[in-house]
Structure formats: structure tokens, C-alpha cells
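A short write-up of the structure that comes next.
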Amino acid sequence: MDAVTVKGLDKYMGRFRLKDINLSLRKGYITGLIGENGSGKSTLIHHMLTLKKQDEGRISILDKDPELEREELLNRIGLVFAEDRFPQNLSPKKLNRLLNIYYINWHADTFFAYLERFNVDATSKVKFLSTGEKVKLSIAIALSHEAELLILDEPTSNLDPTFRMELLDILQTLMMDEDITILFSTHITTDLEKIADYVVMIDDGEVLFDMDKDVLFESYRKVKGDRQIAADAGGVLIGTATNALGFEAMTKEPQALKELYGEKVLIEDLTMDEMMYFIKREKGETING
Ligand SMILES: Nc1ncnc2c1ncn2[C@@H]1O[C@H](COP(=O)(O)OP(=O)(O)OP(=O)(O)O)[C@@H](O)[C@H]1O
């Protein structure tokens with residue numbers, strides 16, 4: 001069952017276009033959203049929440065139409081954006097009173113417990129909190145109103161490594177205890193390697209893949225060898241990059257390459273960053289002929 005379904009979302013925004021986006025967020029799982037700067041991750045998230053009106057397409061969130069039932073949905077969704085959206089002159093303590101009115105299922109005790117755990121001063125005005133502390137405040141809010149869906153847009157980019165690890169632990173624990181769904185956009189792909197169940201890659205406004213992470217890593221390998229092999233085996237190589245020493249590429253046929261070329265090819269596991277690099281190269285080569 002899906003917590004979010006996006007069908008045929010198409011939107012022109014000047015020079016940028018979200019192109020026929022189709023994707024689903026499976027209920028009870030963590031989906032990672034990856035893509036280069038400007039590929040459309042934040043735009044897609046904003047459109048899913050209909051913060052901007054879409055040109056074409058249908059979106060369903062928690063079985064509701066977000067255009068018609070936005071208020072209800074915002075109660076059921078925990079949002080964390082990289083940018084700061086709080087009233088600057090309020091402290092988290094004062095903010096708590098507003099949140100208590102806004103969220104039907106607000107838990108002040110949970111909120112203050114998270115602030116303490118995250119070492120965020122509840123009495124300090126938001127404007128005096130550091131960038132990372134504001135993100136922590138945002139995370140504390142998202143986790144304190146029984147959200148069924150967490151949408152985290154680059155939450156970890158301003159966080160120190162220790163807290164990043166703690167956040168990943170918190171999210172994994174939440175997934176074990178409760179039936180929630182998480183969409184997590186990030187450039188720190190090692191975070192997704194750790195916690196994501198599914199990975200969606202977006203490039204220049206279009207979804208390049210939407211796959212089970214384990215299947216993704218089981219299906220593809222990195223292959224290295226000399227340039228003649230790259231020329232012979234081009235059909236099974238993805239995003240081939242050559243230099244004076246030889247070639248590097250991604251392949252779905254590591255076994256066949258090993259059988260054909262034996263010691264002449266080196267097969268290795270891929271990181272998600274390498275995967276993005278090869279897929280992007282392949283797309284460029286295809287587009288540019
Ligand atoms: N209101 C707007 N009008 C026109 N173009 C826009 C608007 N908002 C964003 N864009 C463009 O849409 C593209 C996608 O931007 P978006 O912020 O979604 O990328 P992103 O993948 O989240 O990038 P990053 O990783 O840098 O945060 C960019 O080229 C941006 O300039």
C-alpha cells in the first residue's frame with residue numbers, strides 16, 4: 001500500500017520543468033530522494049504538498065487529495081526543510097503554545113524531551129539558534145505530533161556527524177515502533193545507504209529510477225578494465241568513462257563479463273554516489289548522441 005502516489009505530475013517553471021513524474025512512497029518504508037543541485041527535489045516535494053499549484057497530474061497523500069484537504073494533511077505530516085521557517089523572535093517554549101493550538105495531536109512532553117536530547121535551548125529565541133539547532137528544532141516538531149508521514153528535505157546537510165548518526169537511529173527506531181512512512185531527500189547518500197528501503201533518483205526534472213535499494217545494489221556492479229574491453233563490451237556497460245589507463249563503468253552483467261574476460265576485468269561493489277555518476281554519464285551520452 002502507498003502513502004503517497006504521484007501520477008503524471010508535469011509543471012513548467014520558466015526554464016525548469018518537472019516532467020511527467022510518477023512515483024509512490026510505500027507505506028511503512030523509508031524512501032530516499034537523490035539528485036544533483038537543481039535537479040528538482042525540493043520542487044517536487046513542494047508540489048506534492050501543493051505549496052505550488054501543479055499544471056498537470058494527480059497526487060494522493062495518505063488517501064487524501066492534498067489540494068482539498070491540506071489542513072488535515074499538514075496535521076498528519078511531519079515536515080523538515082533545510083531553510084528556516086519559524087518566527088524568529090519566539091523561543092521554542094513559546095512556539096510550543098502555537099504548535100499546541102495548530103496540531104490536533106501535539107505532545108508538548110515529547111517536544112521538550114527531544115529538545116533536551118538534542119541539546120537545544122528551549123528558552124532561546126529562534127534567531128539566536130545555530131543553523132543546525134534550527135534543524136534540530138524542526139525535527140523535534142516533526143516528531144511530536146503523531147505524524148504518519150515524515151518529509152525531510154535535506155535535513156542532514158547542516159548537522160554534525162554525531163547528530164546525523166543519532167537522527168538516523170531515531171528514524172530507524174521510529175520505523176520499528178510505528179507504521180510511518182518517510183521521504184528523505186539528501187546529498188549525503190551514505191545516509192541513504194544506511195537507512196533507505198527505496199531510492200528515487202531525479203535528474204533535470206524527471207525520475208530516472210525508483211527502485212528497492214537492495215535490488216539496486218544487487219543488480220549493478222562497477223567494472224574496470226582496459227579500453228579494448230570497453231569497446232567490445234559496450235552493450236552491457238553503463239556510463240563508461242575512459243582514460244589512458246583503461247575504463248570504468250557500471251554493469252548489470254558482472255558475471256558474463258567475468259566469464260568472458262576473466263582476470264582482465266575487475267568487478268567491485270558500487271557506492272550510491274558512483275551509481276549516480278554512471279547513470280548521469282549514460283544519460284548525457286544518450287542525449288548528446
Ligand atoms: N519559483 C521558481 N521559478 C522558476 N524556477 C524555479 C523556481 N523554483 C525553483 N526553480 C528552479 O527549479 C530547478 C529545481 O530546483 P530545486 O530547488 O527543486 O532543486 P533541488 O534538486 O532541490 O536542488 P538542491 O539539491 O540544490 O537543493 C532549479 O533550476 C531552480 O532554479
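For the C-alpha cells, the naming scheme is as follows: chains receive sequential letters (A, B, ...) according to their order of presentation, residues are indexed from 1 within each chain, and ligands are indexed from 1 in presentation order.
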
Contacts with ligand 1 at most 6 Å, only C-alpha atoms and all ligand atoms counted, listed as a PyMOL selection string = chain A and resi 13-14+16+35-43

With N, CA and C atoms retained, could you export that selection as a short mmCIF file (atom, residue, chain, number, x, y, z; two decimals), in the first residue's frame?
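This is the output file out_19.cif:
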data_model
loop_
_atom_site.label_atom_id
_atom_site.label_comp_id
_atom_site.auth_asym_id
_atom_site.auth_seq_id
_atom_site.Cartn_x
_atom_site.Cartn_y
_atom_site.Cartn_z
N MET A 13 8.19 25.68 -15.01
CA MET A 13 8.55 26.83 -14.16
C MET A 13 9.66 27.58 -14.86
N GLY A 14 9.31 28.39 -15.81
CA GLY A 14 10.34 29.09 -16.57
C GLY A 14 11.18 28.08 -17.33
N PHE A 16 12.79 25.60 -16.08
CA PHE A 16 12.79 24.28 -15.45
C PHE A 16 11.42 23.61 -15.60
N GLY A 35 19.56 13.36 -6.20
CA GLY A 35 19.70 14.09 -7.47
C GLY A 35 20.62 15.26 -7.26
N GLU A 36 21.20 15.74 -8.36
CA GLU A 36 22.16 16.85 -8.27
C GLU A 36 21.48 18.13 -7.81
N ASN A 37 22.27 19.17 -7.52
CA ASN A 37 21.72 20.50 -7.26
C ASN A 37 20.86 20.91 -8.44
N GLY A 38 19.68 21.42 -8.14
CA GLY A 38 18.81 21.92 -9.20
C GLY A 38 18.09 20.85 -9.99
N SER A 39 18.16 19.58 -9.54
CA SER A 39 17.51 18.51 -10.31
C SER A 39 15.99 18.49 -10.09
N GLY A 40 15.52 19.14 -9.00
CA GLY A 40 14.08 19.25 -8.80
C GLY A 40 13.55 18.59 -7.55
N LYS A 41 14.42 18.22 -6.62
CA LYS A 41 13.97 17.50 -5.42
C LYS A 41 13.02 18.37 -4.58
N SER A 42 13.47 19.60 -4.26
CA SER A 42 12.63 20.46 -3.41
C SER A 42 11.35 20.86 -4.15
N THR A 43 11.47 21.13 -5.45
CA THR A 43 10.28 21.50 -6.23
C THR A 43 9.26 20.37 -6.19
#

If we count only C-alpha atoms, what is near Lys134 (chain A) at a cut-off of 12 Å, once residues fewer than 2 positions away on the same chain are taken out, given as a ChimeraX atom specification?
-> /A:80-88,91-92,115,118-122,124-132,136-141,155-156,158-159

What's the 7 Å shell around Ser60 (chain A), counting only C-alpha atoms, without same-chain residues fewer than 5 positions away, as a PyMOL selection string?
-> chain A and resi 4-6+65-66

Write out the residues from the selection above, keeping N, CA and C atoms, as a tab-separated table (two decimals), in the first residue's frame.
chain	number	residue	atom	x	y	z
A	4	VAL	N	1.92	7.75	-0.48
A	4	VAL	CA	1.84	8.86	-1.43
A	4	VAL	C	1.89	8.29	-2.84
A	5	THR	N	1.02	8.80	-3.71
A	5	THR	CA	1.09	8.43	-5.12
A	5	THR	C	1.12	9.70	-5.95
A	6	VAL	N	2.06	9.78	-6.84
A	6	VAL	CA	2.15	10.93	-7.75
A	6	VAL	C	2.01	10.36	-9.15
A	65	ASP	N	-6.74	13.98	-1.10
A	65	ASP	CA	-6.31	14.90	-2.14
A	65	ASP	C	-5.71	16.13	-1.45
A	66	PRO	N	-4.40	16.36	-1.63
A	66	PRO	CA	-3.77	17.45	-0.86
A	66	PRO	C	-4.30	18.83	-1.23

Fewer than 4 positions away in the same chain doesn't count, so skip those; otherwise give me all residues within 8 Å of Arg26 (chain A), counting only C-alpha atoms, as a list in words.
->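 Once the nearby chain positions are removed, what remains is Met1, Asp2, Ala3, Val4, Ile30, Thr31 and Thr181 of chain A.
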
Output file for the selection above: N, CA and C atoms, as a PDB file, in the first residue's frame:
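The result, stored in out11.pdb:
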ATOM      1  N   MET A   1       0.831  -1.206   0.000  1.00  0.00           N
ATOM      2  CA  MET A   1       0.000   0.000   0.000  1.00  0.00           C
ATOM      3  C   MET A   1       0.872   1.266   0.000  1.00  0.00           C
ATOM      4  N   ASP A   2       0.393   2.290  -0.683  1.00  0.00           N
ATOM      5  CA  ASP A   2       1.204   3.502  -0.824  1.00  0.00           C
ATOM      6  C   ASP A   2       0.706   4.627   0.072  1.00  0.00           C
ATOM      7  N   ALA A   3       1.648   5.337   0.695  1.00  0.00           N
ATOM      8  CA  ALA A   3       1.284   6.509   1.498  1.00  0.00           C
ATOM      9  C   ALA A   3       1.123   7.728   0.587  1.00  0.00           C
ATOM     10  N   VAL A   4       1.919   7.747  -0.477  1.00  0.00           N
ATOM     11  CA  VAL A   4       1.842   8.860  -1.428  1.00  0.00           C
ATOM     12  C   VAL A   4       1.891   8.292  -2.839  1.00  0.00           C
ATOM     13  N   ILE A  30      11.166   3.729   4.239  1.00  0.00           N
ATOM     14  CA  ILE A  30      11.921   4.971   4.026  1.00  0.00           C
ATOM     15  C   ILE A  30      12.336   5.040   2.558  1.00  0.00           C
ATOM     16  N   THR A  31      11.935   6.127   1.896  1.00  0.00           N
ATOM     17  CA  THR A  31      12.349   6.347   0.509  1.00  0.00           C
ATOM     18  C   THR A  31      13.337   7.506   0.478  1.00  0.00           C
ATOM     19  N   THR A 181       5.787   6.496   7.384  1.00  0.00           N
ATOM     20  CA  THR A 181       6.438   6.494   6.073  1.00  0.00           C
ATOM     21  C   THR A 181       7.367   7.710   6.028  1.00  0.00           C
TER      22      THR A 181
END

CA of Lys258 (chain A) sits from CA of Phe278 (chain A) at a separation of 19.8 Å

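For region 26-60 of chain A, a DSSP pass over the backbone yields alpha helix (DSSP H) at A:Lys41, A:Ser42, A:Thr43, A:Leu44, A:Ile45, A:His46, A:His47, A:Met48.
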
Write to file, as a compact mmCIF listing (two decimals), in the first residue's frame, the residues of the selection just made, with N, CA and C atoms.
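Listed below is the output, again31.txt:
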# COMPACT_ATOMS: atom_id res chain seq x y z
N LYS A 41 14.42 18.22 -6.62
CA LYS A 41 13.97 17.50 -5.42
C LYS A 41 13.02 18.37 -4.58
N SER A 42 13.47 19.60 -4.26
CA SER A 42 12.63 20.46 -3.41
C SER A 42 11.35 20.86 -4.15
N THR A 43 11.47 21.13 -5.45
CA THR A 43 10.28 21.50 -6.23
C THR A 43 9.26 20.37 -6.19
N LEU A 44 9.74 19.16 -6.35
CA LEU A 44 8.83 18.00 -6.32
C LEU A 44 8.15 17.90 -4.95
N ILE A 45 8.92 18.07 -3.90
CA ILE A 45 8.35 17.98 -2.55
C ILE A 45 7.30 19.08 -2.35
N HIS A 46 7.62 20.30 -2.77
CA HIS A 46 6.67 21.40 -2.61
C HIS A 46 5.39 21.14 -3.40
N HIS A 47 5.52 20.57 -4.59
CA HIS A 47 4.32 20.29 -5.38
C HIS A 47 3.49 19.16 -4.78
N MET A 48 4.20 18.19 -4.19
CA MET A 48 3.46 17.10 -3.55
C MET A 48 2.57 17.65 -2.46
